[in-house]
$ cat structure.cif   # mmCIF, C-alpha atoms
data_final
#
loop_
_atom_site.label_atom_id
_atom_site.label_comp_id
_atom_site.auth_asym_id
_atom_site.auth_seq_id
_atom_site.Cartn_x
_atom_site.Cartn_y
_atom_site.Cartn_z
CA MET A 6 -117.86 48.83 134.95
CA THR A 7 -119.88 46.11 133.24
CA ASP A 8 -121.58 43.68 135.61
CA TYR A 9 -121.10 40.36 133.85
CA GLY A 10 -123.28 38.69 136.45
CA ASP A 11 -126.25 40.08 134.53
CA LEU A 12 -125.47 37.56 131.79
CA LEU A 13 -125.39 34.53 134.09
CA PRO A 14 -129.13 33.75 133.75
CA VAL A 15 -128.94 33.42 129.96
CA ALA A 16 -125.72 31.41 130.24
CA HIS A 17 -127.43 29.01 132.66
CA GLU A 18 -130.39 28.66 130.30
CA ALA A 19 -128.06 27.80 127.44
CA VAL A 20 -126.14 25.25 129.48
CA ASP A 21 -129.43 23.72 130.69
CA LEU A 22 -130.26 22.99 127.06
CA ALA A 23 -126.85 21.43 126.47
CA ARG A 24 -126.95 19.37 129.67
CA ASP A 25 -130.31 17.86 128.79
CA MET A 26 -129.10 16.97 125.29
CA MET A 27 -125.98 15.27 126.63
CA ARG A 28 -128.00 13.24 129.09
CA THR A 29 -130.63 12.08 126.60
CA LEU A 30 -128.89 11.71 123.24
CA ARG A 31 -126.52 8.95 122.16
CA PRO A 32 -123.15 9.97 120.67
CA GLY A 33 -124.32 8.87 117.20
CA VAL A 34 -122.05 9.05 114.15
CA LEU A 35 -118.48 10.13 114.91
CA THR A 36 -116.71 12.64 112.68
CA GLY A 37 -112.93 12.35 112.52
CA LYS A 38 -110.92 15.48 113.34
CA GLY A 39 -107.50 13.96 112.79
CA ASP A 40 -105.46 11.18 114.33
CA ARG A 41 -107.51 9.64 117.18
CA ASP A 42 -109.63 12.79 117.56
CA MET A 43 -113.34 13.04 116.88
CA ALA A 44 -116.59 14.89 117.33
CA SER A 45 -119.90 13.16 117.98
CA GLU A 46 -123.31 14.02 116.60
CA VAL A 47 -124.09 15.40 120.06
CA ASP A 48 -121.16 17.85 119.84
CA PHE A 49 -122.58 19.32 116.65
CA ALA A 50 -126.20 19.26 117.84
CA ILE A 51 -125.42 21.09 121.09
CA GLU A 52 -123.24 23.69 119.40
CA ARG A 53 -125.88 24.49 116.77
CA LYS A 54 -128.62 24.68 119.39
CA LEU A 55 -126.68 27.07 121.63
CA ARG A 56 -125.39 29.14 118.73
CA THR A 57 -128.99 29.83 117.69
CA PHE A 58 -130.24 30.33 121.25
CA LEU A 59 -127.51 32.79 122.21
CA ALA A 60 -127.78 34.69 118.93
CA GLU A 61 -131.46 35.27 119.68
CA ARG A 62 -130.97 36.18 123.35
CA THR A 63 -127.71 38.16 123.09
CA PRO A 64 -127.38 39.32 119.46
CA GLN A 65 -124.72 41.86 120.44
CA ILE A 66 -122.33 39.10 121.52
CA GLY A 67 -120.32 36.98 119.10
CA PHE A 68 -120.02 33.20 119.30
CA LEU A 69 -117.09 30.78 119.02
CA GLY A 70 -117.74 27.05 119.00
CA GLU A 71 -115.15 24.30 118.93
CA GLU A 72 -116.75 22.44 116.05
CA GLU A 73 -117.95 25.14 113.62
CA GLY A 74 -116.04 28.28 114.50
CA THR A 75 -117.19 31.88 114.83
CA SER A 76 -120.41 33.72 114.08
CA GLY A 77 -122.15 36.92 115.14
CA ALA A 78 -120.96 40.48 115.32
CA GLY A 79 -119.48 40.80 118.80
CA ASP A 80 -116.42 43.06 118.64
CA GLU A 81 -115.60 42.98 122.35
CA LEU A 82 -117.62 40.10 123.81
CA THR A 83 -117.66 36.50 122.58
CA TRP A 84 -119.36 33.41 123.91
CA SER A 85 -116.95 30.45 123.79
CA LEU A 86 -118.43 26.95 123.82
CA ASP A 87 -117.09 23.44 124.10
CA PRO A 88 -120.33 21.49 123.61
CA VAL A 89 -118.85 18.23 124.94
CA ASP A 90 -115.52 18.69 126.68
CA GLY A 91 -114.14 15.19 126.93
CA THR A 92 -115.76 13.73 123.82
CA VAL A 93 -113.69 10.54 124.00
CA ASN A 94 -114.87 10.01 127.58
CA PHE A 95 -118.48 10.70 126.51
CA VAL A 96 -118.28 8.23 123.63
CA HIS A 97 -116.90 5.56 125.95
CA GLY A 98 -119.61 6.10 128.55
CA SER A 99 -117.38 7.79 131.10
CA PRO A 100 -119.12 10.42 133.28
CA LEU A 101 -116.00 12.63 133.18
CA CYS A 102 -117.20 15.07 130.53
CA ALA A 103 -118.67 18.55 130.59
CA VAL A 104 -120.47 21.38 128.86
CA SER A 105 -118.27 24.47 129.02
CA LEU A 106 -119.61 27.93 128.17
CA GLY A 107 -117.40 30.97 128.73
CA LEU A 108 -117.60 34.65 127.93
CA ILE A 109 -114.47 36.41 126.70
CA GLU A 110 -113.93 40.16 126.69
CA ARG A 111 -110.84 41.39 124.86
CA ARG A 112 -108.92 38.13 125.37
CA ARG A 113 -109.79 37.66 129.07
CA SER A 114 -112.42 35.39 130.56
CA VAL A 115 -115.15 37.21 132.46
CA LEU A 116 -117.89 34.60 132.95
CA GLY A 117 -118.14 30.84 132.91
CA VAL A 118 -120.65 28.04 133.39
CA ILE A 119 -119.54 24.40 133.46
CA ASP A 120 -122.00 21.54 133.84
CA LEU A 121 -121.04 17.93 134.56
CA PRO A 122 -124.23 16.24 133.33
CA PHE A 123 -123.46 12.73 134.53
CA LEU A 124 -122.12 13.82 137.93
CA GLY A 125 -124.92 16.29 138.60
CA ASN A 126 -122.77 19.35 139.29
CA ARG A 127 -122.96 22.92 137.98
CA TYR A 128 -120.06 25.37 138.41
CA PHE A 129 -120.30 29.05 137.58
CA ALA A 130 -118.69 32.43 138.11
CA ALA A 131 -118.73 36.00 136.83
CA LEU A 132 -115.93 38.50 137.31
CA GLY A 133 -116.11 40.01 140.79
CA HIS A 134 -118.93 37.75 141.99
CA GLY A 135 -117.04 34.70 143.34
CA ALA A 136 -117.28 31.08 142.24
CA PHE A 137 -120.06 28.63 142.98
CA ALA A 138 -120.82 24.91 142.76
CA ASP A 139 -124.49 23.96 142.82
CA GLY A 140 -125.28 27.37 144.27
CA GLU A 141 -122.76 27.20 147.13
CA ARG A 142 -119.67 29.43 147.29
CA ILE A 143 -116.43 27.51 146.68
CA HIS A 144 -112.75 28.17 147.28
CA ALA A 145 -109.55 26.74 145.83
CA SER A 146 -107.30 24.46 147.87
CA ARG A 147 -104.90 25.99 150.38
CA THR A 148 -102.35 23.16 150.04
CA GLY A 149 -98.90 24.72 149.97
CA GLU A 150 -96.63 21.69 149.65
CA LEU A 151 -96.21 19.71 146.45
CA THR A 152 -95.83 16.48 148.44
CA GLU A 153 -99.40 16.98 149.69
CA ALA A 154 -100.85 18.03 146.32
CA LEU A 155 -103.19 16.18 143.98
CA VAL A 156 -102.16 17.33 140.51
CA ALA A 157 -104.10 16.87 137.28
CA VAL A 158 -102.34 16.98 133.92
CA GLY A 159 -103.97 17.61 130.56
CA ASP A 160 -104.30 15.05 127.79
CA PHE A 161 -101.35 13.93 125.75
CA ALA A 162 -101.17 15.31 122.22
CA VAL A 163 -102.35 13.35 119.19
CA GLY A 164 -101.91 13.97 115.49
CA GLN A 165 -99.09 15.66 113.64
CA GLY A 166 -96.12 16.49 115.84
CA ALA A 167 -97.54 14.59 118.82
CA ALA A 168 -94.30 12.76 119.61
CA ARG A 169 -92.40 16.03 119.98
CA LEU A 170 -95.16 17.71 121.98
CA ASN A 171 -95.49 14.73 124.28
CA GLU A 172 -91.80 14.84 125.27
CA HIS A 173 -92.57 17.72 127.61
CA ARG A 174 -95.87 16.22 128.76
CA LEU A 175 -94.22 12.92 129.61
CA ALA A 176 -91.37 14.64 131.41
CA ILE A 177 -93.81 16.74 133.45
CA THR A 178 -95.89 13.69 134.35
CA ALA A 179 -92.78 11.83 135.49
CA ALA A 180 -91.58 14.80 137.54
CA PHE A 181 -94.91 15.22 139.32
CA ALA A 182 -95.11 11.46 139.88
CA GLU A 183 -91.86 11.73 141.86
CA GLN A 184 -92.82 14.79 143.91
CA ALA A 185 -96.59 15.25 144.14
CA GLN A 186 -98.85 13.20 146.37
CA ARG A 187 -100.65 11.84 143.29
CA VAL A 188 -101.08 12.65 139.56
CA ARG A 189 -104.34 12.28 137.65
CA MET A 190 -105.44 12.64 134.01
CA PHE A 191 -109.21 12.98 133.68
CA GLY A 192 -109.48 13.94 130.01
CA SER A 193 -111.57 17.11 130.39
CA ALA A 194 -109.98 20.51 130.92
CA ALA A 195 -113.31 21.99 131.99
CA LEU A 196 -113.72 19.38 134.70
CA ASP A 197 -110.09 19.85 135.80
CA LEU A 198 -110.52 23.61 136.18
CA ALA A 199 -113.87 23.24 137.95
CA TRP A 200 -112.32 20.81 140.43
CA LEU A 201 -109.34 23.14 140.87
CA ALA A 202 -111.83 25.85 141.84
CA HIS A 203 -113.61 23.46 144.22
CA GLY A 204 -110.42 22.35 145.97
CA ARG A 205 -110.81 18.79 144.71
CA LEU A 206 -107.53 19.29 142.85
CA ASP A 207 -104.58 21.28 144.15
CA ALA A 208 -102.98 22.03 140.78
CA PHE A 209 -103.64 21.66 137.07
CA VAL A 210 -101.13 21.64 134.22
CA MET A 211 -102.16 21.67 130.56
CA LEU A 212 -99.70 22.61 127.84
CA SER A 213 -102.36 24.05 125.56
CA ASN A 214 -104.97 26.78 125.74
CA LYS A 215 -107.92 26.55 123.40
CA PRO A 216 -110.56 29.15 124.35
CA TRP A 217 -113.43 26.67 124.24
CA ASP A 218 -111.54 24.40 126.64
CA THR A 219 -110.46 27.03 129.15
CA SER A 220 -112.53 30.23 128.98
CA ALA A 221 -115.19 29.07 131.45
CA GLY A 222 -112.86 27.19 133.76
CA VAL A 223 -110.21 29.85 134.23
CA ILE A 224 -112.66 32.51 135.47
CA ILE A 225 -114.33 30.00 137.80
CA ALA A 226 -110.94 28.95 139.22
CA ALA A 227 -109.73 32.54 139.50
CA GLU A 228 -112.91 33.67 141.29
CA ALA A 229 -112.39 30.74 143.69
CA GLY A 230 -108.93 32.06 144.57
CA ALA A 231 -106.70 30.04 142.26
CA ARG A 232 -104.00 31.73 140.22
CA LEU A 233 -103.75 30.88 136.51
CA ALA A 234 -100.53 31.34 134.55
CA ASP A 235 -98.67 30.53 131.36
CA VAL A 236 -95.48 28.44 131.47
CA ASP A 237 -93.32 31.52 132.06
CA GLY A 238 -95.43 32.55 135.04
CA SER A 239 -97.16 35.45 133.29
CA PRO A 240 -100.89 35.84 134.00
CA HIS A 241 -103.10 33.57 131.95
CA THR A 242 -104.98 35.09 129.00
CA ALA A 243 -106.65 33.74 125.88
CA ASP A 244 -103.28 34.16 124.15
CA SER A 245 -101.31 32.03 126.63
CA GLY A 246 -99.66 28.89 125.31
CA ALA A 247 -100.47 26.81 128.39
CA THR A 248 -102.93 26.70 131.27
CA ILE A 249 -101.35 26.18 134.67
CA GLY A 250 -103.24 26.74 137.92
CA ALA A 251 -102.84 26.40 141.67
CA ASN A 252 -103.20 28.57 144.75
CA GLU A 253 -100.74 31.41 145.32
CA ALA A 254 -98.54 29.38 147.69
CA LEU A 255 -98.30 26.26 145.52
CA LEU A 256 -98.04 27.79 142.05
CA PRO A 257 -94.30 28.67 142.21
CA SER A 258 -93.41 25.02 142.89
CA VAL A 259 -95.69 23.83 140.10
CA LEU A 260 -94.25 26.31 137.60
CA ALA A 261 -90.68 25.47 138.57
CA LEU A 262 -91.27 21.76 137.97
CA VAL A 263 -92.92 22.43 134.60
CA GLN A 264 -90.06 24.69 133.51
CA GLN A 265 -87.36 22.29 134.72
CA SER A 266 -89.00 19.41 132.87
CA ALA A 267 -88.71 21.03 129.44
CA PRO A 268 -86.77 18.74 127.08
CA VAL A 269 -83.21 19.83 126.39
CA ARG A 270 -82.67 20.86 122.74
#

$ encode --input "structure.cif" --output "C-alpha coordinates"
Amino acid sequence: MTDYGDLLPVAHEAVDLARDMMRTLRPGVLTGKGDRDMASEVDFAIERKLRTFLAERTPQIGFLGEEEGTSGAGDELTWSLDPVDGTVNFVHGSPLCAVSLGLIERRRSVLGVIDLPFLGNRYFAALGHGAFADGERIHASRTGELTEALVAVGDFAVGQGAARLNEHRLAITAAFAEQAQRVRMFGSAALDLAWLAHGRLDAFVMLSNKPWDTSAGVIIAAEAGARLADVDGSPHTADSGATIGANEALLPSVLALVQQSAPVR
(Lines of atoms letter the chains of each structure in order from A and count residues from 1; the text may use other names and numbers.)
(Lines give C-alpha, C1' and ligand atoms only; values in the text may rest on other atoms or scores of the structure.)
Protein backbone atom coordinates (compact mmCIF):
# COMPACT_ATOMS: atom_id res chain seq x y z
CA MET A 1 0.00 0.00 0.00
CA THR A 2 1.30 3.44 -0.92
CA ASP A 3 2.27 5.60 2.05
CA TYR A 4 1.00 9.02 1.00
CA GLY A 5 2.61 10.54 4.08
CA ASP A 6 5.89 10.37 2.15
CA LEU A 7 4.56 13.19 -0.04
CA LEU A 8 3.65 15.51 2.83
CA PRO A 9 7.08 17.22 2.98
CA VAL A 10 6.92 18.34 -0.65
CA ALA A 11 3.28 19.40 -0.22
CA HIS A 12 4.26 21.53 2.78
CA GLU A 13 7.10 23.11 0.81
CA ALA A 14 4.70 24.00 -1.99
CA VAL A 15 2.15 25.49 0.37
CA ASP A 16 4.89 27.45 2.16
CA LEU A 17 5.62 29.16 -1.15
CA ALA A 18 1.93 29.94 -1.68
CA ARG A 19 1.42 31.19 1.88
CA ASP A 20 4.30 33.63 1.63
CA MET A 21 3.00 34.96 -1.69
CA MET A 22 -0.48 35.50 -0.30
CA ARG A 23 0.89 37.35 2.70
CA THR A 24 3.20 39.65 0.75
CA LEU A 25 1.52 40.34 -2.59
CA ARG A 26 -1.44 42.61 -3.26
CA PRO A 27 -4.40 41.17 -5.21
CA GLY A 28 -3.46 43.28 -8.26
CA VAL A 29 -5.52 43.25 -11.45
CA LEU A 30 -8.70 41.19 -11.25
CA THR A 31 -9.72 38.90 -14.10
CA GLY A 32 -13.44 38.30 -14.51
CA LYS A 33 -14.60 34.67 -14.55
CA GLY A 34 -18.29 35.40 -15.05
CA ASP A 35 -21.01 37.18 -13.13
CA ARG A 36 -19.50 38.49 -9.85
CA ASP A 37 -16.66 35.94 -9.97
CA MET A 38 -12.99 36.76 -10.37
CA ALA A 39 -9.38 35.69 -10.06
CA SER A 40 -6.65 37.98 -8.78
CA GLU A 41 -3.09 38.31 -10.02
CA VAL A 42 -2.09 36.41 -6.88
CA ASP A 43 -4.29 33.44 -7.85
CA PHE A 44 -2.45 33.12 -11.16
CA ALA A 45 1.00 33.79 -9.68
CA ILE A 46 0.63 31.13 -6.97
CA GLU A 47 -0.78 28.54 -9.35
CA ARG A 48 2.05 29.02 -11.86
CA LYS A 49 4.68 28.91 -9.12
CA LEU A 50 3.35 25.68 -7.61
CA ARG A 51 2.71 24.07 -10.97
CA THR A 52 6.40 24.52 -11.83
CA PHE A 53 7.63 23.55 -8.37
CA LEU A 54 5.60 20.35 -8.18
CA ALA A 55 6.43 19.36 -11.76
CA GLU A 56 10.11 19.54 -10.84
CA ARG A 57 9.78 17.73 -7.51
CA THR A 58 7.13 15.14 -8.45
CA PRO A 59 7.21 14.78 -12.26
CA GLN A 60 5.26 11.52 -12.07
CA ILE A 61 2.21 13.30 -10.63
CA GLY A 62 -0.20 15.37 -12.71
CA PHE A 63 -1.46 18.81 -11.74
CA LEU A 64 -4.90 20.44 -11.74
CA GLY A 65 -5.23 24.13 -10.91
CA GLU A 66 -8.43 26.11 -10.62
CA GLU A 67 -7.27 28.90 -12.89
CA GLU A 68 -5.35 27.20 -15.73
CA GLY A 69 -6.43 23.57 -15.71
CA THR A 70 -4.40 20.39 -16.05
CA SER A 71 -0.80 19.60 -16.90
CA GLY A 72 1.66 16.76 -16.40
CA ALA A 73 1.42 13.07 -17.08
CA GLY A 74 -0.03 11.62 -13.88
CA ASP A 75 -2.40 8.79 -14.77
CA GLU A 76 -3.32 7.82 -11.21
CA LEU A 77 -2.15 10.69 -9.01
CA THR A 78 -2.99 14.38 -9.45
CA TRP A 79 -2.18 17.41 -7.35
CA SER A 80 -5.25 19.65 -7.04
CA LEU A 81 -4.72 23.30 -6.14
CA ASP A 82 -6.92 26.22 -5.24
CA PRO A 83 -4.27 28.96 -5.03
CA VAL A 84 -6.56 31.37 -3.17
CA ASP A 85 -9.71 29.73 -1.85
CA GLY A 86 -11.96 32.64 -0.98
CA THR A 87 -10.67 35.12 -3.56
CA VAL A 88 -13.49 37.59 -2.88
CA ASN A 89 -12.58 37.56 0.82
CA PHE A 90 -8.89 38.02 -0.07
CA VAL A 91 -9.63 40.96 -2.37
CA HIS A 92 -11.72 42.62 0.34
CA GLY A 93 -9.03 42.18 2.99
CA SER A 94 -10.83 39.46 4.92
CA PRO A 95 -8.53 36.91 6.63
CA LEU A 96 -10.98 34.09 5.80
CA CYS A 97 -9.13 32.68 2.81
CA ALA A 98 -6.82 29.75 2.25
CA VAL A 99 -4.31 27.91 0.11
CA SER A 100 -5.65 24.41 -0.57
CA LEU A 101 -3.45 21.67 -2.02
CA GLY A 102 -4.82 18.14 -2.31
CA LEU A 103 -3.67 14.90 -3.84
CA ILE A 104 -6.21 12.76 -5.68
CA GLU A 105 -5.78 9.09 -6.53
CA ARG A 106 -8.40 7.60 -8.84
CA ARG A 107 -11.10 10.09 -7.81
CA ARG A 108 -10.48 9.90 -4.03
CA SER A 109 -8.56 12.35 -1.88
CA VAL A 110 -5.51 10.86 -0.19
CA LEU A 111 -3.54 13.88 1.07
CA GLY A 112 -4.27 17.49 1.86
CA VAL A 113 -2.57 20.64 3.13
CA ILE A 114 -4.57 23.78 3.88
CA ASP A 115 -2.93 26.99 5.06
CA LEU A 116 -4.80 30.00 6.45
CA PRO A 117 -2.11 32.65 5.88
CA PHE A 118 -3.78 35.50 7.73
CA LEU A 119 -4.90 33.38 10.69
CA GLY A 120 -1.58 31.58 11.05
CA ASN A 121 -2.90 28.02 10.90
CA ARG A 122 -1.77 24.99 8.88
CA TYR A 123 -3.96 21.88 8.53
CA PHE A 124 -2.77 18.65 6.96
CA ALA A 125 -3.47 14.95 6.63
CA ALA A 126 -2.49 11.88 4.63
CA LEU A 127 -4.57 8.73 4.32
CA GLY A 128 -4.11 6.57 7.41
CA HIS A 129 -1.99 9.11 9.30
CA GLY A 130 -4.63 11.22 11.10
CA ALA A 131 -5.29 14.95 10.81
CA PHE A 132 -3.26 17.76 12.29
CA ALA A 133 -3.46 21.51 12.93
CA ASP A 134 -0.16 23.28 13.50
CA GLY A 135 1.44 19.92 14.26
CA GLU A 136 -1.13 18.83 16.87
CA ARG A 137 -3.55 15.93 16.29
CA ILE A 138 -7.15 17.10 15.82
CA HIS A 139 -10.56 15.45 15.96
CA ALA A 140 -13.97 16.35 14.58
CA SER A 141 -16.79 17.50 16.86
CA ARG A 142 -18.79 14.91 18.77
CA THR A 143 -21.96 17.03 18.84
CA GLY A 144 -24.90 14.74 18.14
CA GLU A 145 -27.86 17.12 18.28
CA LEU A 146 -28.68 19.61 15.55
CA THR A 147 -29.92 22.11 18.14
CA GLU A 148 -26.39 22.22 19.55
CA ALA A 149 -24.62 22.35 16.18
CA LEU A 150 -22.76 25.19 14.48
CA VAL A 151 -23.36 24.64 10.77
CA ALA A 152 -21.52 26.28 7.89
CA VAL A 153 -23.10 26.51 4.44
CA GLY A 154 -21.27 27.08 1.18
CA ASP A 155 -21.52 30.20 -0.95
CA PHE A 156 -24.60 31.00 -2.95
CA ALA A 157 -24.32 30.45 -6.69
CA VAL A 158 -23.59 33.28 -9.12
CA GLY A 159 -23.76 33.42 -12.89
CA GLN A 160 -26.01 31.56 -15.29
CA GLY A 161 -28.73 29.56 -13.58
CA ALA A 162 -27.92 31.02 -10.15
CA ALA A 163 -31.54 31.78 -9.27
CA ARG A 164 -32.55 28.16 -9.76
CA LEU A 165 -29.51 26.79 -7.94
CA ASN A 166 -30.02 29.16 -5.04
CA GLU A 167 -33.58 27.94 -4.41
CA HIS A 168 -32.18 24.88 -2.68
CA ARG A 169 -29.40 26.83 -0.96
CA LEU A 170 -31.86 29.35 0.43
CA ALA A 171 -34.23 26.63 1.57
CA ILE A 172 -31.39 24.78 3.32
CA THR A 173 -30.18 27.95 5.01
CA ALA A 174 -33.69 28.70 6.26
CA ALA A 175 -34.15 25.14 7.52
CA PHE A 176 -30.88 25.15 9.45
CA ALA A 177 -31.66 28.62 10.81
CA GLU A 178 -34.79 27.13 12.40
CA GLN A 179 -33.14 24.01 13.84
CA ALA A 180 -29.38 24.44 14.28
CA GLN A 181 -27.79 26.41 17.07
CA ARG A 182 -26.30 28.83 14.52
CA VAL A 183 -25.58 29.01 10.75
CA ARG A 184 -22.46 30.58 9.24
CA MET A 185 -21.21 31.34 5.72
CA PHE A 186 -17.47 32.00 5.65
CA GLY A 187 -16.86 32.00 1.89
CA SER A 188 -14.04 29.43 1.76
CA ALA A 189 -14.73 25.71 1.42
CA ALA A 190 -11.16 24.88 2.43
CA LEU A 191 -11.51 26.83 5.66
CA ASP A 192 -14.93 25.25 6.32
CA LEU A 193 -13.56 21.73 5.93
CA ALA A 194 -10.47 22.49 8.02
CA TRP A 195 -12.65 23.84 10.82
CA LEU A 196 -14.95 20.82 10.50
CA ALA A 197 -11.88 18.65 11.07
CA HIS A 198 -10.85 20.80 14.06
CA GLY A 199 -14.26 20.68 15.72
CA ARG A 200 -14.75 24.41 15.28
CA LEU A 201 -17.74 23.57 13.09
CA ASP A 202 -20.12 20.68 13.68
CA ALA A 203 -21.39 20.35 10.11
CA PHE A 204 -20.74 21.70 6.63
CA VAL A 205 -23.09 21.76 3.64
CA MET A 206 -21.98 22.80 0.16
CA LEU A 207 -24.05 21.94 -2.89
CA SER A 208 -21.03 21.74 -5.19
CA ASN A 209 -17.83 19.75 -5.37
CA LYS A 210 -14.96 21.22 -7.35
CA PRO A 211 -11.78 19.19 -6.76
CA TRP A 212 -9.63 22.25 -6.10
CA ASP A 213 -12.11 23.39 -3.44
CA THR A 214 -12.55 20.08 -1.64
CA SER A 215 -9.72 17.60 -2.32
CA ALA A 216 -7.52 18.78 0.56
CA GLY A 217 -10.32 19.46 3.02
CA VAL A 218 -12.21 16.21 2.68
CA ILE A 219 -9.20 14.02 3.53
CA ILE A 220 -8.30 16.26 6.47
CA ALA A 221 -11.88 16.11 7.79
CA ALA A 222 -12.14 12.36 7.20
CA GLU A 223 -8.83 11.66 8.97
CA ALA A 224 -10.15 13.75 11.89
CA GLY A 225 -13.18 11.47 12.17
CA ALA A 226 -15.79 13.35 10.16
CA ARG A 227 -17.91 11.57 7.59
CA LEU A 228 -18.26 13.15 4.14
CA ALA A 229 -21.20 12.38 1.86
CA ASP A 230 -23.12 13.42 -1.23
CA VAL A 231 -26.74 14.59 -0.95
CA ASP A 232 -28.06 11.03 -1.21
CA GLY A 233 -25.83 9.89 1.65
CA SER A 234 -23.37 7.98 -0.52
CA PRO A 235 -19.69 8.35 0.40
CA HIS A 236 -18.07 11.49 -0.93
CA THR A 237 -15.78 11.19 -3.96
CA ALA A 238 -14.42 13.57 -6.58
CA ASP A 239 -17.53 12.74 -8.63
CA SER A 240 -20.05 13.72 -5.93
CA GLY A 241 -22.40 16.58 -6.69
CA ALA A 242 -22.24 18.04 -3.19
CA THR A 243 -19.97 18.09 -0.15
CA ILE A 244 -21.72 17.42 3.14
CA GLY A 245 -19.85 16.62 6.35
CA ALA A 246 -20.43 15.99 10.04
CA ASN A 247 -19.62 13.34 12.60
CA GLU A 248 -21.29 9.93 12.35
CA ALA A 249 -23.99 10.77 14.90
CA LEU A 250 -24.96 14.15 13.43
CA LEU A 251 -24.73 13.43 9.71
CA PRO A 252 -28.12 11.66 9.36
CA SER A 253 -29.93 14.73 10.72
CA VAL A 254 -27.95 17.04 8.45
CA LEU A 255 -28.64 14.92 5.37
CA ALA A 256 -32.33 14.63 6.19
CA LEU A 257 -32.70 18.40 6.44
CA VAL A 258 -30.83 18.94 3.16
CA GLN A 259 -32.99 16.36 1.38
CA GLN A 260 -36.24 17.69 2.83
CA SER A 261 -35.34 21.23 1.79
CA ALA A 262 -35.11 20.40 -1.92
CA PRO A 263 -37.51 22.62 -3.90
CA VAL A 264 -40.65 20.89 -5.11
CA ARG A 265 -40.80 20.62 -8.92

$ residues_around --input "structure.cif" --residues "A:Val34" --least-positions-apart "3" --cutoff "12 Å" --atoms "all atoms listed in the file" --output "list of chain:residue names"
A:Leu30, A:Arg31, A:Gly37, A:Met43, A:Ala44, A:Ser45, A:Glu46, A:Val47, A:Asp48, A:Phe49, A:Ala50, A:Val96

$ residues_around --input "structure.cif" --residues "stretch 99-111 of chain A" --least-positions-apart "3" --cutoff "9 Å" --atoms "only C-alpha atoms" --output "JSON, numbers by chain"
{"A": [9, 16, 19, 20, 23, 24, 27, 80, 81, 82, 83, 84, 85, 86, 87, 88, 89, 90, 91, 92, 93, 94, 95, 96, 114, 115, 116, 117, 118, 119, 120, 121, 122, 123, 124, 191, 192, 193, 194, 195, 196, 216, 217, 218, 219, 220, 221, 222, 224, 243]}

$ resolve_selection --input "structure.cif" --expression "the PyMOL selection byres ((chain A and resi 132-139) around 9)" --output "ChimeraX atom specification"
/A:8-10,114-116,125-131,140-144,199,202-203,224-230

$ residues_around --input "structure.cif" --residues "stretch 156-171 of chain A" --least-positions-apart "2" --cutoff "10 Å" --atoms "only C-alpha atoms" --output "count of residues only"
46

$ atom_distance --input "structure.cif" --atom1 "atom CA of A:Asn214" --atom2 "atom CA of A:Asp235"
9.2 Å
